[in-house]
Every structure is written in structure tokens, then in C-alpha cells.
Amino acid sequence: MALSLVPEHVAPLEKTHDRKSFDCGNEELNRYLREQARQDAAKRVAAPFIFTQPGRPAVLGFYTLSSSIIPVAELPPDLMKQLPRYGQLPVTLLGRLAVDRSVSGQGLGEFLLVDALRRSLEAAQQIAAMAVIVEAKDQRAEGFYRHFDFRPFQQTPLRLFLPMGQIAKLFA
């Protein structure tokens with residue numbers, strides 16, 4: 001299936017979206033989408049966004065966004081020098097990002113990441129967030145995010161961040 005990657009195909013998760021057939025190869029992420037994502041949205045603990053093709057309710061990819069905080073001490077020293085001396089700073093958490101196996105290798109993961117960064121930047125203009133953070137599931141996921149210039153935290157290398165200023169430059 002050739003994908004049409006346009007922003008209009010990304011939307012908040014709704015009951016009408018078919019989540020049952022989604023399989024990204026990671027059972028934890030599959031289970032989250034099928035069983036937990038709608039509850040998280042209803043309770044406002046995460047905002048799941050899904051990708052579908054026109055006229056087809058099957059979810060082909062998804063990501064979640066939520067507010068979070070990070071301890072300033074976890075940031076690299078060069079960045080800490082540029083920030084206020086607060087103990088914690090607000091960030092946007094890109095909690096999950098997954099693509100169905102049926103469309104793997106077609107650029108959907110990158111497309112969803114860019115969409116998540118754009119939404120995060122837009123939200124940061126209303127509610128402060130100094131970066132987008134991710135928790136890479138493994139080395140492969142870490143490589144994916146590092147390819148897009150995410151930087152590791154000092155104490156937890158699979159936890160990565162991309163400063164909002166850098167995200168703003170991407171969309172300038």
C-alpha cells in the first residue's frame with residue numbers, strides 16, 4: 001500500500017478508529033493502542049494522535065503527547081548554562097510512537113515524528129515547554145531519534161531531548 005503522507009491524515013484518536021488490526025511488532029505498544037490509549041485520552045493523561053488513510057478507519061501509526069517536567073541537573077552542562085536556575089523545567093513528552101508493520105519502511109515514522117514536533121511547538125506557544133523528550137525503547141529507537149538530532153540526558157542515555165528552539169528552527 002502506497003501511503004499518502006499529508007498532515008490531514010493525522011488526527012486525535014476516536015472511538016471510530018480501528019485499533020484491533022494494528023501490529024507494530026511490539027506487543028506493549030500494540031496493547032497500549034488497543035486497550036489503553038482511549039482511556040488515557042479521556043482522562044487527559046496523554047493525547048494520542050493516529051494516522052489513517054482516507055476512507056479507511058484502520059490505524060497505521062500513532063504517537064502520544066503529554067506534559068512533563070525534567071530535572072535541570074540531567075541536561076548537558078552547555079544547555080544548563082543557557083536556562084534559568086530552576087530545579088525542574090517543563091517539557092513535552094513524546095511518550096509513544098509506532099508504525100504498523102504493513103507500512104514499515106515508507107517514511108511514516110519520520111512523518112509522525114515531524115507532526116509531533118510541529119504540534120509540540122504550536123502548544124509551546126501557549127503553554128511553556130523548553131524541549132520535547134522521548135524514552136527510546138532500545139538502541140534502534142535511540143538511533144532513530146539521534147538521526148533527528150535528539151540529544152541524550154546525562155544519566156539516562158536512552159532518554160533523549162530536542163530543545164524547542166531547535167524545533168522552531170526546523171519549521172522557520
# chains A, B, ... in the order shown; residues from 1 in each chain; ligands from 1
call {"tool": "select_by_dssp", "arguments": {"residues": "range 43-146 of chain A", "states": "strand (DSSP E or B)", "output": "count of residues only"}}
result
34
call {"tool": "residues_around", "arguments": {"residues": "Ala129 in chain A", "least_positions_apart": "5", "cutoff": "10 Å", "atoms": "only C-alpha atoms", "output": "ChimeraX atom specification"}}
result
/A:67-69,89-93,120-121,123-124,163-164
call {"tool": "write_last_selection", "arguments": {"atoms": "N, CA and C atoms", "output": "PDB file, in the first residue's frame"}}
result
ATOM      1  N   SER A  67       2.285  16.576  28.832  1.00  0.00           N
ATOM      2  CA  SER A  67       3.171  17.496  29.540  1.00  0.00           C
ATOM      3  C   SER A  67       4.006  16.714  30.540  1.00  0.00           C
ATOM      4  N   SER A  68       5.201  17.211  30.793  1.00  0.00           N
ATOM      5  CA  SER A  68       6.069  16.566  31.764  1.00  0.00           C
ATOM      6  C   SER A  68       7.047  17.598  32.305  1.00  0.00           C
ATOM      7  N   ILE A  69       7.891  17.168  33.208  1.00  0.00           N
ATOM      8  CA  ILE A  69       8.969  18.016  33.712  1.00  0.00           C
ATOM      9  C   ILE A  69      10.249  17.190  33.753  1.00  0.00           C
ATOM     10  N   LEU A  89      12.208  21.821  34.806  1.00  0.00           N
ATOM     11  CA  LEU A  89      11.736  22.613  33.669  1.00  0.00           C
ATOM     12  C   LEU A  89      10.618  21.871  32.932  1.00  0.00           C
ATOM     13  N   PRO A  90       9.673  22.627  32.342  1.00  0.00           N
ATOM     14  CA  PRO A  90       8.571  21.991  31.609  1.00  0.00           C
ATOM     15  C   PRO A  90       9.022  21.501  30.238  1.00  0.00           C
ATOM     16  N   VAL A  91       8.504  20.347  29.854  1.00  0.00           N
ATOM     17  CA  VAL A  91       8.798  19.753  28.552  1.00  0.00           C
ATOM     18  C   VAL A  91       7.532  19.089  28.015  1.00  0.00           C
ATOM     19  N   THR A  92       7.574  18.722  26.751  1.00  0.00           N
ATOM     20  CA  THR A  92       6.537  17.897  26.154  1.00  0.00           C
ATOM     21  C   THR A  92       7.111  16.498  25.997  1.00  0.00           C
ATOM     22  N   LEU A  93       6.375  15.513  26.465  1.00  0.00           N
ATOM     23  CA  LEU A  93       6.799  14.116  26.367  1.00  0.00           C
ATOM     24  C   LEU A  93       6.162  13.469  25.146  1.00  0.00           C
ATOM     25  N   SER A 120       3.922  20.014  19.103  1.00  0.00           N
ATOM     26  CA  SER A 120       4.581  20.407  20.356  1.00  0.00           C
ATOM     27  C   SER A 120       5.011  21.864  20.306  1.00  0.00           C
ATOM     28  N   LEU A 121       5.548  22.285  19.180  1.00  0.00           N
ATOM     29  CA  LEU A 121       5.964  23.676  19.020  1.00  0.00           C
ATOM     30  C   LEU A 121       4.756  24.611  19.100  1.00  0.00           C
ATOM     31  N   ALA A 123       1.919  24.068  20.618  1.00  0.00           N
ATOM     32  CA  ALA A 123       1.430  24.073  22.001  1.00  0.00           C
ATOM     33  C   ALA A 123       2.336  24.900  22.902  1.00  0.00           C
ATOM     34  N   ALA A 124       3.638  24.870  22.641  1.00  0.00           N
ATOM     35  CA  ALA A 124       4.604  25.603  23.469  1.00  0.00           C
ATOM     36  C   ALA A 124       4.458  27.112  23.325  1.00  0.00           C
ATOM     37  N   PRO A 163      15.695  20.457  22.067  1.00  0.00           N
ATOM     38  CA  PRO A 163      15.260  21.767  22.560  1.00  0.00           C
ATOM     39  C   PRO A 163      14.238  22.413  21.640  1.00  0.00           C
ATOM     40  N   MET A 164      13.284  23.107  22.240  1.00  0.00           N
ATOM     41  CA  MET A 164      12.220  23.753  21.480  1.00  0.00           C
ATOM     42  C   MET A 164      12.781  24.789  20.511  1.00  0.00           C
TER      43      MET A 164
END
call {"tool": "closest_residue", "arguments": {"among": "A:Ala37, A:Val134, A:Leu60, A:Ala2", "to": "Ala98 in chain A", "atoms": "only C-alpha atoms"}}
result
A:Leu60
call {"tool": "closest_residue", "arguments": {"among": "A:Thr52, A:Val103, A:Glu142, A:Gln155", "to": "Ala73 in chain A", "atoms": "only C-alpha atoms"}}
result
A:Gln155
call {"tool": "closest_residue", "arguments": {"among": "A:Glu135, A:Glu35, A:Glu74, A:Glu110", "to": "His147 in chain A", "atoms": "only C-alpha atoms"}}
result
A:Glu110
call {"tool": "closest_residue", "arguments": {"among": "A:Lys137, A:Phe51, A:Asp78, A:Val132", "to": "Leu29 in chain A", "atoms": "only C-alpha atoms"}}
result
A:Lys137
call {"tool": "closest_residue", "arguments": {"among": "A:Arg140, A:Arg44, A:Arg31, A:His17", "to": "Val59 in chain A", "atoms": "only C-alpha atoms"}}
result
A:His17
call {"tool": "residues_around", "arguments": {"residues": "Arg101 in chain A", "least_positions_apart": "3", "cutoff": "8 Å", "atoms": "only C-alpha atoms", "output": "ChimeraX atom specification"}}
result
/A:23-25,104
